[in-house]
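Shown next: protein38.cif, given as mmCIF, C-alpha atoms.
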data_work
loop_
_atom_site.label_atom_id
_atom_site.label_comp_id
_atom_site.auth_asym_id
_atom_site.auth_seq_id
_atom_site.Cartn_x
_atom_site.Cartn_y
_atom_site.Cartn_z
CA MET L 682 -22.43 14.55 4.92
CA THR L 683 -18.74 13.59 4.70
CA ARG L 684 -16.72 15.83 2.43
CA LEU L 685 -14.12 14.71 -0.10
CA ARG L 686 -11.29 17.17 -0.67
CA VAL L 687 -10.13 17.13 -4.29
CA VAL L 688 -6.54 18.30 -4.75
CA ARG L 689 -5.45 18.82 -8.35
CA SER L 690 -1.67 19.11 -8.34
CA ALA L 691 0.55 20.36 -11.14
CA PRO L 692 2.92 17.64 -12.42
CA GLY L 693 5.60 17.22 -9.77
CA ARG L 694 8.83 15.43 -9.04
CA ALA L 695 8.57 11.78 -8.09
CA ALA L 696 9.81 12.11 -4.50
CA TRP L 697 7.46 15.01 -3.85
CA ASN L 698 4.48 13.14 -5.25
CA MET L 699 5.05 10.18 -2.92
CA ALA L 700 5.79 12.41 0.07
CA LEU L 701 2.65 14.47 -0.38
CA ASP L 702 0.45 11.38 -0.81
CA GLU L 703 1.82 9.91 2.43
CA ALA L 704 1.39 13.19 4.28
CA LEU L 705 -2.23 13.54 3.11
CA ALA L 706 -3.02 9.93 4.06
CA ARG L 707 -1.55 10.16 7.57
CA SER L 708 -2.47 13.70 8.56
CA PRO L 709 -5.82 14.19 10.29
CA LEU L 710 -6.11 17.77 9.00
CA GLY L 711 -7.71 17.50 5.58
CA GLY L 712 -10.04 14.51 5.86
CA PRO L 713 -10.68 12.13 2.95
CA THR L 714 -8.76 13.43 -0.06
CA LEU L 715 -8.54 12.53 -3.72
CA ARG L 716 -5.35 13.86 -5.29
CA LEU L 717 -5.05 13.94 -9.08
CA TYR L 718 -1.61 14.58 -10.50
CA GLY L 719 1.11 13.95 -13.05
CA TRP L 720 4.89 13.64 -13.06
CA ALA L 721 7.55 16.11 -14.21
CA PRO L 722 9.95 14.77 -15.24
CA PRO L 723 8.41 11.39 -16.10
CA ALA L 724 9.32 8.74 -13.56
CA LEU L 725 9.81 5.08 -12.82
CA SER L 726 8.20 4.14 -9.51
CA LEU L 727 8.98 0.90 -7.68
CA GLY L 728 6.66 -1.00 -5.38
CA PHE L 729 7.47 -0.76 -1.68
CA PHE L 730 9.05 -4.20 -1.46
CA GLN L 731 10.22 -4.49 -5.04
CA ALA L 732 13.78 -5.61 -5.78
CA VAL L 733 15.43 -3.75 -8.64
CA ASP L 734 16.70 -6.96 -10.28
CA GLY L 735 15.32 -7.21 -13.78
CA LEU L 736 14.97 -3.46 -14.21
CA ASP L 737 17.42 -1.51 -16.33
CA LEU L 738 17.80 1.59 -14.20
CA ASP L 739 20.53 2.98 -16.45
CA ALA L 740 18.15 2.86 -19.39
CA ALA L 741 15.54 4.61 -17.26
CA ALA L 742 18.03 7.33 -16.34
CA ARG L 743 19.11 7.77 -19.96
CA ALA L 744 15.47 8.23 -20.89
CA GLY L 745 15.24 11.02 -18.32
CA LEU L 746 13.05 9.10 -15.86
CA ASP L 747 13.10 10.14 -12.23
CA LEU L 748 13.28 7.17 -9.84
CA VAL L 749 11.26 6.69 -6.67
CA ARG L 750 9.99 3.95 -4.38
CA ARG L 751 6.28 4.11 -3.58
CA PRO L 752 4.89 3.50 -0.09
CA THR L 753 2.34 1.18 -1.74
CA GLY L 754 2.81 -2.38 -3.00
CA GLY L 755 2.90 -3.95 -6.45
CA GLY L 756 5.34 -3.63 -9.32
CA ALA L 757 7.12 -0.86 -11.20
CA ILE L 758 5.33 1.71 -13.34
CA ILE L 759 6.59 4.19 -15.90
CA HIS L 760 4.64 7.36 -15.23
CA GLU L 761 4.67 9.41 -18.38
CA ALA L 762 1.45 10.24 -20.17
CA GLU L 763 -1.01 9.18 -17.50
CA LEU L 764 -3.42 10.33 -14.85
CA THR L 765 -2.29 9.32 -11.38
CA TYR L 766 -4.85 9.26 -8.61
CA ALA L 767 -4.31 8.87 -4.90
CA LEU L 768 -7.13 8.27 -2.45
CA CYS L 769 -6.02 9.34 1.01
CA LEU L 770 -8.16 8.26 3.97
CA PRO L 771 -6.58 9.63 7.16
CA GLY L 772 -7.77 8.14 10.43
CA GLU L 773 -8.92 4.94 8.80
CA ARG L 774 -7.34 1.52 8.48
CA SER L 775 -9.33 0.54 5.41
CA PRO L 776 -8.07 -2.64 3.74
CA GLY L 777 -11.19 -2.52 1.53
CA ALA L 778 -10.39 0.95 0.14
CA CYS L 779 -8.58 -0.53 -2.86
CA VAL L 780 -11.67 -2.41 -4.01
CA LEU L 781 -13.87 0.61 -3.41
CA LEU L 782 -11.60 2.79 -5.51
CA ALA L 783 -11.34 0.17 -8.26
CA GLU L 784 -15.12 0.00 -8.54
CA ALA L 785 -15.31 3.80 -8.70
CA VAL L 786 -12.64 4.01 -11.41
CA ALA L 787 -14.38 1.34 -13.48
CA ALA L 788 -17.64 3.27 -13.20
CA ALA L 789 -15.86 6.52 -14.17
CA LEU L 790 -14.47 4.87 -17.29
CA ARG L 791 -17.85 3.39 -18.20
CA ALA L 792 -19.30 6.88 -17.92
CA ALA L 793 -16.70 7.90 -20.53
CA GLY L 794 -17.99 5.17 -22.85
CA ILE L 795 -15.32 2.56 -22.14
CA ASP L 796 -16.46 -0.96 -21.30
CA ALA L 797 -14.37 -1.19 -18.13
CA ARG L 798 -14.83 -3.56 -15.23
CA LEU L 799 -12.92 -5.26 -12.44
CA ARG L 800 -10.92 -8.32 -13.38
CA GLU L 801 -12.70 -11.57 -12.50
CA GLY L 802 -10.59 -13.51 -10.03
CA GLU L 803 -7.03 -12.96 -8.98
CA GLY L 804 -4.00 -13.99 -10.96
CA PRO L 805 -1.20 -16.17 -9.65
CA PRO L 806 0.51 -14.94 -6.47
CA GLY L 807 3.73 -13.00 -6.83
CA CYS L 808 4.44 -9.83 -8.64
CA PRO L 809 6.17 -9.30 -11.99
CA ALA L 810 8.62 -6.41 -12.31
CA ALA L 811 6.18 -4.32 -14.32
CA CYS L 812 2.86 -3.50 -12.67
CA PHE L 813 1.02 -3.62 -15.96
CA ALA L 814 2.31 -7.14 -16.65
CA GLY L 815 0.67 -8.41 -13.46
CA THR L 816 -2.90 -9.34 -12.61
CA ALA L 817 -4.89 -8.58 -9.49
CA ALA L 818 -8.53 -8.59 -8.47
CA THR L 819 -8.48 -4.77 -8.32
CA ASP L 820 -7.29 -4.37 -11.92
CA ILE L 821 -9.56 -2.39 -14.20
CA VAL L 822 -9.84 -4.26 -17.47
CA CYS L 823 -11.70 -3.94 -20.72
CA CYS L 824 -12.40 -6.49 -23.44
CA PRO L 825 -12.64 -4.67 -26.80
CA GLY L 826 -14.35 -6.95 -29.29
CA SER L 827 -13.96 -10.43 -27.92
CA SER L 828 -10.33 -10.08 -26.86
CA ALA L 829 -8.90 -11.37 -23.62
CA PRO L 830 -9.10 -8.80 -20.80
CA LEU L 831 -6.70 -5.88 -21.27
CA LYS L 832 -5.50 -4.11 -18.13
CA LEU L 833 -6.33 -0.40 -18.18
CA SER L 834 -5.49 0.62 -14.66
CA GLY L 835 -3.96 -0.97 -11.58
CA MET L 836 -4.10 -0.11 -7.93
CA ALA L 837 -1.88 -0.59 -4.90
CA GLN L 838 -2.44 0.24 -1.27
CA ARG L 839 -0.71 1.14 1.99
CA VAL L 840 -2.45 0.78 5.33
CA TRP L 841 -0.85 2.71 8.20
CA ARG L 842 -2.27 3.02 11.68
CA GLU L 843 -2.91 6.70 10.92
CA GLY L 844 -4.60 6.21 7.59
CA THR L 845 -4.87 4.44 4.25
CA LEU L 846 -3.46 5.38 0.85
CA VAL L 847 -4.52 3.86 -2.46
CA HIS L 848 -2.52 4.64 -5.60
CA GLY L 849 -3.84 4.19 -9.10
CA SER L 850 -2.43 4.81 -12.54
CA LEU L 851 -4.38 5.35 -15.74
CA PRO L 852 -2.14 5.61 -18.83
CA PHE L 853 -3.26 7.76 -21.72
CA ALA L 854 -0.42 6.80 -24.04
CA TYR L 855 2.31 4.19 -24.23
CA ARG L 856 5.85 3.99 -25.58
CA ALA L 857 6.83 0.40 -26.29
CA ASP L 858 10.51 1.25 -26.78
CA LEU L 859 10.75 2.82 -23.33
CA HIS L 860 9.04 -0.15 -21.64
CA GLU L 861 11.28 -2.59 -23.51
CA ALA L 862 14.38 -0.65 -22.49
CA VAL L 863 13.47 -0.59 -18.78
CA PHE L 864 11.68 -3.93 -18.33
CA GLY L 865 13.45 -5.97 -21.01
CA GLU L 866 10.14 -6.63 -22.74
CA ALA L 867 6.96 -4.68 -23.23
CA PRO L 868 4.12 -5.76 -20.91
CA ARG L 869 1.38 -7.67 -22.72
CA GLY L 870 -2.34 -7.69 -22.07
CA PHE L 871 -2.77 -4.05 -21.26
CA ALA L 872 -4.27 -1.01 -22.94
CA TRP L 873 -4.21 2.74 -22.67
CA LEU L 874 -6.86 5.34 -23.25
CA ALA L 875 -5.55 6.76 -26.54
CA LEU L 876 -5.78 3.25 -27.96
CA LEU L 877 -9.33 2.57 -26.78
CA ALA L 878 -10.98 5.97 -26.84
CA PRO L 879 -8.81 8.74 -28.31
CA GLU L 880 -11.67 11.19 -28.00
CA VAL L 881 -11.77 10.89 -24.19
CA THR L 882 -9.93 13.76 -22.49
CA LYS L 883 -8.06 13.70 -19.21
CA GLU L 884 -10.32 16.46 -17.93
CA SER L 885 -13.48 14.46 -18.59
CA VAL L 886 -12.01 11.37 -16.88
CA CYS L 887 -11.04 13.51 -13.88
CA GLY L 888 -14.60 14.80 -13.62
CA ASN L 889 -16.03 11.28 -13.79
CA LEU L 890 -13.53 10.00 -11.24
CA ILE L 891 -14.37 12.69 -8.73
CA GLU L 892 -18.08 12.04 -9.15
CA GLU L 893 -17.82 8.25 -8.83
CA ILE L 894 -15.36 8.21 -5.93
CA ALA L 895 -17.48 10.73 -4.04
CA ARG L 896 -20.52 8.56 -4.72
CA CYS L 897 -18.77 5.43 -3.45
CA LEU L 898 -17.69 7.24 -0.28
CA GLY L 899 -21.07 8.91 0.17
CA ALA L 900 -19.20 12.22 0.27
CA GLN L 901 -19.63 15.72 -1.12
CA PRO L 902 -16.57 16.70 -3.24
CA TYR L 903 -14.97 20.13 -3.03
CA GLU L 904 -11.82 21.57 -4.58
CA GLY L 905 -9.12 22.19 -1.99
CA GLU L 906 -5.42 22.52 -1.34
CA PRO L 907 -3.09 20.78 1.12
CA GLU L 908 -2.84 22.45 4.50
CA ALA L 909 0.43 24.18 5.40
CA ALA L 910 1.20 21.49 8.00
CA GLU L 911 0.65 18.75 5.41
CA ILE L 912 3.08 20.47 3.05
CA LEU L 913 5.63 20.76 5.86
CA GLU L 914 5.27 17.06 6.62
CA ALA L 915 5.58 16.22 2.91
CA GLY L 916 8.80 18.23 2.84
CA ARG L 917 10.15 16.14 5.70
CA LEU L 918 9.11 12.87 4.02
CA CYS L 919 10.54 14.07 0.70
CA VAL L 920 14.05 13.66 2.10
CA ARG L 921 13.49 9.90 2.46
CA TYR L 922 11.67 9.46 -0.86
CA GLY L 923 14.41 11.46 -2.61
CA SER L 924 17.19 9.35 -1.09
CA ARG L 925 18.77 7.09 -3.70
CA GLU L 926 20.05 4.82 -0.94
CA TRP L 927 16.55 4.33 0.45
CA THR L 928 15.08 3.87 -3.02
CA LEU L 929 17.61 1.26 -4.10
CA GLY L 930 17.58 -0.62 -0.81
CA GLY L 931 15.57 -3.46 -2.35
CA ARG L 932 13.46 -5.18 0.24
CA ARG L 933 12.89 -2.54 2.84
CA ARG L 934 14.72 -2.57 6.13
CA VAL L 935 12.36 -1.55 8.89
CA GLU L 936 13.28 1.77 10.40
CA VAL L 937 12.30 0.91 13.93
CA SER L 938 14.04 3.79 15.62
CA SER L 939 12.60 6.41 13.27
CA VAL L 940 9.15 4.88 13.42
CA ALA L 941 9.26 4.86 17.19
CA ALA L 942 9.91 8.57 17.15
CA VAL L 943 6.69 9.36 15.26
CA MET G 571 -0.42 -18.37 28.06
CA ARG G 572 -1.05 -16.81 24.65
CA ARG G 573 -2.19 -13.19 24.51
CA TYR G 574 -3.41 -11.06 21.60
CA THR G 575 -3.33 -7.39 20.62
CA LYS G 576 -6.14 -5.46 18.95
CA SER G 577 -3.87 -5.20 15.91
CA HIS G 578 -3.91 -9.02 15.72
CA GLU G 579 -0.42 -9.95 16.89
CA TRP G 580 0.00 -12.78 19.42
CA VAL G 581 2.63 -13.24 22.12
CA GLU G 582 3.71 -16.29 24.03
CA VAL G 583 5.69 -15.42 27.15
CA GLU G 584 8.80 -17.46 27.93
CA GLY G 585 10.45 -16.01 31.05
CA ASN G 586 11.33 -12.41 30.26
CA ARG G 587 11.05 -13.05 26.54
CA ALA G 588 7.97 -12.90 24.32
CA ARG G 589 7.66 -14.94 21.15
CA THR G 590 5.42 -13.06 18.73
CA GLY G 591 3.35 -13.90 15.67
CA LEU G 592 0.29 -12.92 13.67
CA SER G 593 -3.17 -14.27 14.41
CA ALA G 594 -4.92 -16.65 12.05
CA PHE G 595 -7.62 -14.02 11.59
CA ALA G 596 -5.10 -11.39 10.40
CA VAL G 597 -3.36 -13.77 8.03
CA LYS G 598 -6.66 -14.84 6.51
CA GLU G 599 -7.82 -11.23 6.20
CA VAL G 600 -4.76 -9.94 4.32
CA GLY G 601 -4.66 -12.90 1.90
CA SER G 602 -1.63 -14.18 -0.01
CA ILE G 603 1.47 -12.74 1.65
CA VAL G 604 4.28 -12.07 -0.82
CA PHE G 605 6.76 -10.12 1.33
CA ILE G 606 7.40 -9.74 5.01
CA GLU G 607 10.06 -7.63 6.65
CA LEU G 608 10.91 -8.11 10.31
CA PRO G 609 13.05 -5.98 12.60
CA SER G 610 16.69 -6.95 12.91
CA PRO G 611 17.94 -8.54 16.15
CA GLY G 612 19.07 -5.75 18.45
CA ALA G 613 16.33 -3.34 17.38
CA VAL G 614 14.57 -1.61 20.25
CA VAL G 615 10.80 -1.68 19.77
CA LYS G 616 7.91 -0.07 21.60
CA ALA G 617 4.52 -1.69 22.21
CA GLY G 618 1.90 -0.50 19.74
CA LEU G 619 4.35 1.03 17.28
CA PRO G 620 5.23 -0.41 13.85
CA PHE G 621 8.11 -2.88 13.88
CA GLY G 622 7.64 -4.71 10.61
CA VAL G 623 5.86 -4.61 7.27
CA LEU G 624 4.12 -7.12 5.04
CA GLU G 625 2.71 -7.03 1.53
CA SER G 626 -0.25 -8.96 0.24
CA SER G 627 -2.17 -8.45 -3.00
CA LYS G 628 -0.36 -5.15 -3.63
CA SER G 629 -1.37 -3.88 -0.18
CA VAL G 630 1.32 -3.01 2.35
CA TYR G 631 0.51 -3.26 6.06
CA ASP G 632 2.49 -2.35 9.17
CA LEU G 633 3.11 -4.98 11.84
CA PHE G 634 2.99 -3.65 15.40
CA ALA G 635 5.18 -4.62 18.31
CA PRO G 636 2.92 -6.30 20.90
CA VAL G 637 5.35 -5.53 23.73
CA SER G 638 8.28 -3.18 24.32
CA GLY G 639 11.84 -4.41 24.45
CA THR G 640 14.76 -5.54 22.35
CA VAL G 641 14.38 -7.92 19.43
CA ARG G 642 16.57 -10.95 20.08
CA GLU G 643 15.50 -13.17 17.18
CA ALA G 644 13.68 -12.71 13.88
CA ASN G 645 12.36 -15.72 11.98
CA GLU G 646 14.38 -15.48 8.79
CA SER G 647 12.72 -18.56 7.30
CA VAL G 648 9.40 -16.70 7.27
CA ALA G 649 11.07 -13.65 5.73
CA GLU G 650 12.48 -15.92 3.01
CA ALA G 651 9.21 -17.78 2.41
CA PRO G 652 6.36 -15.54 3.65
CA GLU G 653 3.72 -17.84 2.17
CA SER G 654 4.64 -20.34 4.89
CA LEU G 655 2.85 -18.09 7.37
CA GLU G 656 -0.47 -18.90 5.73
CA GLY G 657 -0.22 -22.62 6.52
CA ASP G 658 0.02 -22.28 10.30
CA PRO G 659 -0.08 -18.66 11.49
CA GLU G 660 -0.67 -19.50 15.14
CA GLY G 661 2.27 -21.89 15.11
CA THR G 662 4.67 -19.69 13.15
CA TRP G 663 6.62 -17.19 15.21
CA LEU G 664 7.97 -13.95 13.77
CA THR G 665 10.18 -12.47 16.48
CA VAL G 666 11.45 -13.04 19.99
CA ILE G 667 11.49 -9.86 22.09
CA GLU G 668 13.30 -9.48 25.39
CA MET G 669 10.73 -7.48 27.26
CA SER G 670 11.65 -4.20 28.96
CA ASN G 671 8.26 -4.01 30.67
CA PRO G 672 6.75 -7.49 31.15
CA GLU G 673 3.69 -5.97 32.82
CA GLU G 674 2.48 -4.88 29.38
CA VAL G 675 1.45 -8.48 28.71
CA SER G 676 -1.30 -8.30 31.31
CA SER G 677 -3.06 -5.59 29.28
CA LEU G 678 -3.27 -7.85 26.22
CA MET G 679 -6.30 -10.05 25.50
CA THR G 680 -6.57 -13.72 26.36
CA ALA G 681 -7.59 -16.08 23.56
CA GLU G 682 -11.21 -15.96 24.79
CA GLU G 683 -11.19 -12.17 24.97
CA TYR G 684 -9.66 -11.95 21.49
CA GLU G 685 -12.34 -14.23 20.10
CA ALA G 686 -15.01 -12.02 21.65
CA PHE G 687 -13.23 -8.94 20.25
CA LEU G 688 -13.32 -10.43 16.74
CA LYS G 689 -17.01 -11.27 17.08
CA GLU G 690 -17.81 -7.74 18.23
CA ARG G 691 -15.76 -6.28 15.40
CA GLY G 692 -17.55 -8.46 12.85
CA GLN G 693 -20.87 -7.37 14.27
CA GLU G 694 -19.90 -3.70 13.98
CA GLU G 695 -18.90 -4.16 10.34
CA LYS G 696 -22.25 -5.79 9.57
CA GLU G 697 -24.04 -2.82 11.11
#

File written out as structure tokens:
Amino acid sequence: MTRLRVVRSAPGRAAWNMALDEALARSPLGGPTLRLYGWAPPALSLGFFQAVDGLDLDAAARAGLDLVRRPTGGGAIIHEAELTYALCLPGERSPGACVLLAEAVAAALRAAGIDARLREGEGPPGCPAACFAGTAATDIVCCPGSSAPLKLSGMAQRVWREGTLVHGSLPFAYRADLHEAVFGEAPRGFAWLALLAPEVTKESVCGNLIEEIARCLGAQPYEGEPEAAEILEAGRLCVRYGSREWTLGGRRRVEVSSVAAV
Amino acid sequence: MRRYTKSHEWVEVEGNRARTGLSAFAVKEVGSIVFIELPSPGAVVKAGLPFGVLESSKSVYDLFAPVSGTVREANESVAEAPESLEGDPEGTWLTVIEMSNPEEVSSLMTAEEYEAFLKERGQEEKE
């Protein structure tokens, strides 16, 4: 039976978080891996192609937010009180991994008593500045009472030749003033766990997530750590993710020469 | 004659230059394309290695150089309006590469071979 390595990381810096996720997704050493983590300090992450127009980066800096560009798509996210999950599938080009993970996350939330499901249909094309203001078929939504769907978690994906990475974010709390300062207005139509189910703990959601993702992959989960070579590679990648020039470059310029050296 | 890679790029050879694009299958599979980044003219690319990136439905995919050489042209109109690729992928070029090793083209698939490759791949996924 396939095994699923579960890596629970202490809250880390933004550049390190992105670097380690990429290293785990592209390295053949550890096999399928689910990494669960947080951010210290809190951070603002940008989608891979996202332009910074419309974002108040000064306000983000004043609020103490680290800044990073993700390797995955979608819009910006403020990572503060949340559970971040990364599904790393080295050796696989798996465009369907995002949907698989979304179904597993919805099931994990249902197991915690939250009426969560995938959004029906995709929203309009394009991508608003804030991830949680957007709609996608892989959004996890809930409809408390008879309200319109509220987005609980969103996912974004990167498919490399060497592997696939899916990022997901599940907020536990929300600060409207911080979102207004960075995005100009607070995203509407979304929810966070403390609002819906204050009794649900991060630990219980983690347990459910591991169980459901392992079930979807048909894999046996085990607790593990990154290999030394993966950490070394993450250290190398961290230089790029920590570069302000690279982060603020807007639409990415393709690094053909560096890619060719891989 | 048009040739295809296993990573779904096409090339059309014009002398020692190859005009490249993405197959209709690939464009349909990734869905609504919102961003595409192509290599700048002058970039040296190697067959089979990433030379561009696109984003669709919050998923980011690498584009692979179908042949080795130097990029001479990149279709900026596609970069500005990536959704245009969806209308006519087989008629919309992405780059023109001056080939450093034109013999690489002979290892790529003909249209008939690519069609058979897609059928085989579909069959494998069903199994």

Residues matched by the PyMOL selection byres ((chain L and resi 798) around 10) as a compact mmCIF listing (two decimals) with C-alpha atoms, in the coordinates of the input:
# COMPACT_ATOMS: atom_id res chain seq x y z
CA ALA L 783 -11.34 0.17 -8.26
CA GLU L 784 -15.12 0.00 -8.54
CA ALA L 785 -15.31 3.80 -8.70
CA VAL L 786 -12.64 4.01 -11.41
CA ALA L 787 -14.38 1.34 -13.48
CA ALA L 788 -17.64 3.27 -13.20
CA LEU L 790 -14.47 4.87 -17.29
CA ARG L 791 -17.85 3.39 -18.20
CA ILE L 795 -15.32 2.56 -22.14
CA ASP L 796 -16.46 -0.96 -21.30
CA ALA L 797 -14.37 -1.19 -18.13
CA LEU L 799 -12.92 -5.26 -12.44
CA ARG L 800 -10.92 -8.32 -13.38
CA GLU L 801 -12.70 -11.57 -12.50
CA THR L 819 -8.48 -4.77 -8.32
CA ASP L 820 -7.29 -4.37 -11.92
CA ILE L 821 -9.56 -2.39 -14.20
CA VAL L 822 -9.84 -4.26 -17.47
CA CYS L 823 -11.70 -3.94 -20.72
CA CYS L 824 -12.40 -6.49 -23.44
CA PRO L 830 -9.10 -8.80 -20.80
CA LYS L 832 -5.50 -4.11 -18.13
CA LEU L 833 -6.33 -0.40 -18.18

Residues in the PyMOL selection byres ((chain G and resi 609) around 7), expressed as a list in words: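 That selection, the PyMOL selection byres ((chain G and resi 609) around 7), comes back as Val935 of chain L; Glu607, Leu608, Ser610, Pro611, Ala613, Phe621, Gly622 and Ala644 of chain G.
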
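Among G:Ala596, G:Val614, G:Val630, G:Val648, the residue with the shortest atom-to-atom distance to G:Lys576, counting all atoms listed in the file, is G:Ala596.
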
Within 12 Å of stretch 653-664 of chain G, counting all atoms listed in the file, which residues qualify if same-chain residues fewer than 2 places away don't, as a PyMOL selection string? (chain L and resi 806-807) or (chain G and resi 572-574+578-582+588-611+621-626+633-636+641-651+666-667+681)

Please identify all polymer residues within 10 Å of L:Leu846, counting all atoms listed in the file, omitting same-chain residues fewer than 3 positions from it, and present them as a PyMOL selection string. (chain L and resi 702-707+714-715+752-753+767-771+773-776+778-779+837-841) or (chain G and resi 629-630)

Would you output that residue set with C-alpha atoms, as a PDB file, in the coordinates of the input?
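The resulting out.pdb:
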ATOM      1  CA  ASP L 702       0.450  11.380  -0.810  1.00  0.00           C
ATOM      2  CA  GLU L 703       1.820   9.910   2.430  1.00  0.00           C
ATOM      3  CA  ALA L 704       1.390  13.190   4.280  1.00  0.00           C
ATOM      4  CA  LEU L 705      -2.230  13.540   3.110  1.00  0.00           C
ATOM      5  CA  ALA L 706      -3.020   9.930   4.060  1.00  0.00           C
ATOM      6  CA  ARG L 707      -1.550  10.160   7.570  1.00  0.00           C
ATOM      7  CA  THR L 714      -8.760  13.430  -0.060  1.00  0.00           C
ATOM      8  CA  LEU L 715      -8.540  12.530  -3.720  1.00  0.00           C
ATOM      9  CA  PRO L 752       4.890   3.500  -0.090  1.00  0.00           C
ATOM     10  CA  THR L 753       2.340   1.180  -1.740  1.00  0.00           C
ATOM     11  CA  ALA L 767      -4.310   8.870  -4.900  1.00  0.00           C
ATOM     12  CA  LEU L 768      -7.130   8.270  -2.450  1.00  0.00           C
ATOM     13  CA  CYS L 769      -6.020   9.340   1.010  1.00  0.00           C
ATOM     14  CA  LEU L 770      -8.160   8.260   3.970  1.00  0.00           C
ATOM     15  CA  PRO L 771      -6.580   9.630   7.160  1.00  0.00           C
ATOM     16  CA  GLU L 773      -8.920   4.940   8.800  1.00  0.00           C
ATOM     17  CA  ARG L 774      -7.340   1.520   8.480  1.00  0.00           C
ATOM     18  CA  SER L 775      -9.330   0.540   5.410  1.00  0.00           C
ATOM     19  CA  PRO L 776      -8.070  -2.640   3.740  1.00  0.00           C
ATOM     20  CA  ALA L 778     -10.390   0.950   0.140  1.00  0.00           C
ATOM     21  CA  CYS L 779      -8.580  -0.530  -2.860  1.00  0.00           C
ATOM     22  CA  ALA L 837      -1.880  -0.590  -4.900  1.00  0.00           C
ATOM     23  CA  GLN L 838      -2.440   0.240  -1.270  1.00  0.00           C
ATOM     24  CA  ARG L 839      -0.710   1.140   1.990  1.00  0.00           C
ATOM     25  CA  VAL L 840      -2.450   0.780   5.330  1.00  0.00           C
ATOM     26  CA  TRP L 841      -0.850   2.710   8.200  1.00  0.00           C
TER      27      TRP L 841
ATOM     28  CA  SER G 629      -1.370  -3.880  -0.180  1.00  0.00           C
ATOM     29  CA  VAL G 630       1.320  -3.010   2.350  1.00  0.00           C
TER      30      VAL G 630
END

d(atom CA of L:Gly849, atom CA of G:Arg691) in Å: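 Separation between atom CA of L:Gly849 and atom CA of G:Arg691: 29.2 Å.
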
note - atom CA of L:Cys919 and atom CA of L:Val749 are separated by 10.5 Å

Which residues are close to L:Leu874, i.e. within 10 Å by all atoms listed in the file, leaving aside same-chain residues fewer than 2 positions away? Reply as a PyMOL selection string. chain L and resi 763+790+795+833-834+851-855+872+876-883

Out of L:Ala875, L:Leu831, L:Cys887, L:Ala817, which residue has the shortest atom-to-atom distance to chain G when counting all atoms listed in the file? L:Ala817

Which residue out of G:Gly612, G:Ser577, G:Gly692, G:Arg587 has the minimum interatomic distance to G:Met679 when all atoms listed in the file are used? G:Ser577

Which residue of L:Asn698, L:Ser708, L:Ser726, L:Gln731 approaches chain G most closely, using only C-alpha atoms: L:Gln731

Suppose you want the space between atom CA of L:Val733 and atom CA of L:Leu929; what is it in Å? 7.1 Å

As lines of an AutoDock Vina configuration file, please report the centre and edge lengths, rounded to one decimal in Å, of the axis-aligned box that holds all listed atoms of stretch 586-591 of chain G with 4 Å of padding on each of the six sides.
center_x = 7.3
center_y = -13.7
center_z = 23.0
size_x = 16.0
size_y = 10.5
size_z = 22.6

Using all atoms listed in the file, which residue out of G:Gly585, G:Val637, G:Asp632, G:Lys616 lies closest to G:Val675?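 Ranking G:Gly585, G:Val637, G:Asp632, G:Lys616 by distance to G:Val675, first place goes to G:Val637.
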
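Applied to the shown file, the PyMOL selection byres ((chain L and resi 759) around 7) selects the residues Ala724, Leu725, Ser726, Ala757, Ile758, His760 and Glu761 of chain L.
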
Skip stretch 856-860 of chain L itself and residues of its chain fewer than 4 positions away, then list as an MDAnalysis selection string all residues within 8 Å of it, counting all atoms listed in the file. chainID L and resid 741 744 759 864:868

Next, the residues of the selection above should be written as an mmCIF file, in the frame of the given file with C-alpha atoms.
data_model
loop_
_atom_site.group_PDB
_atom_site.id
_atom_site.type_symbol
_atom_site.label_atom_id
_atom_site.label_comp_id
_atom_site.auth_asym_id
_atom_site.auth_seq_id
_atom_site.Cartn_x
_atom_site.Cartn_y
_atom_site.Cartn_z
ATOM 1 C CA ALA L 741 15.540 4.610 -17.260
ATOM 2 C CA ALA L 744 15.470 8.230 -20.890
ATOM 3 C CA ILE L 759 6.590 4.190 -15.900
ATOM 4 C CA PHE L 864 11.680 -3.930 -18.330
ATOM 5 C CA GLY L 865 13.450 -5.970 -21.010
ATOM 6 C CA GLU L 866 10.140 -6.630 -22.740
ATOM 7 C CA ALA L 867 6.960 -4.680 -23.230
ATOM 8 C CA PRO L 868 4.120 -5.760 -20.910
#

Which is closer to L:Arg751 than all the others in G:Lys628, G:Leu678, G:Thr575, G:Val583, using all atoms listed in the file?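 Smallest distance to L:Arg751 is found for G:Lys628.
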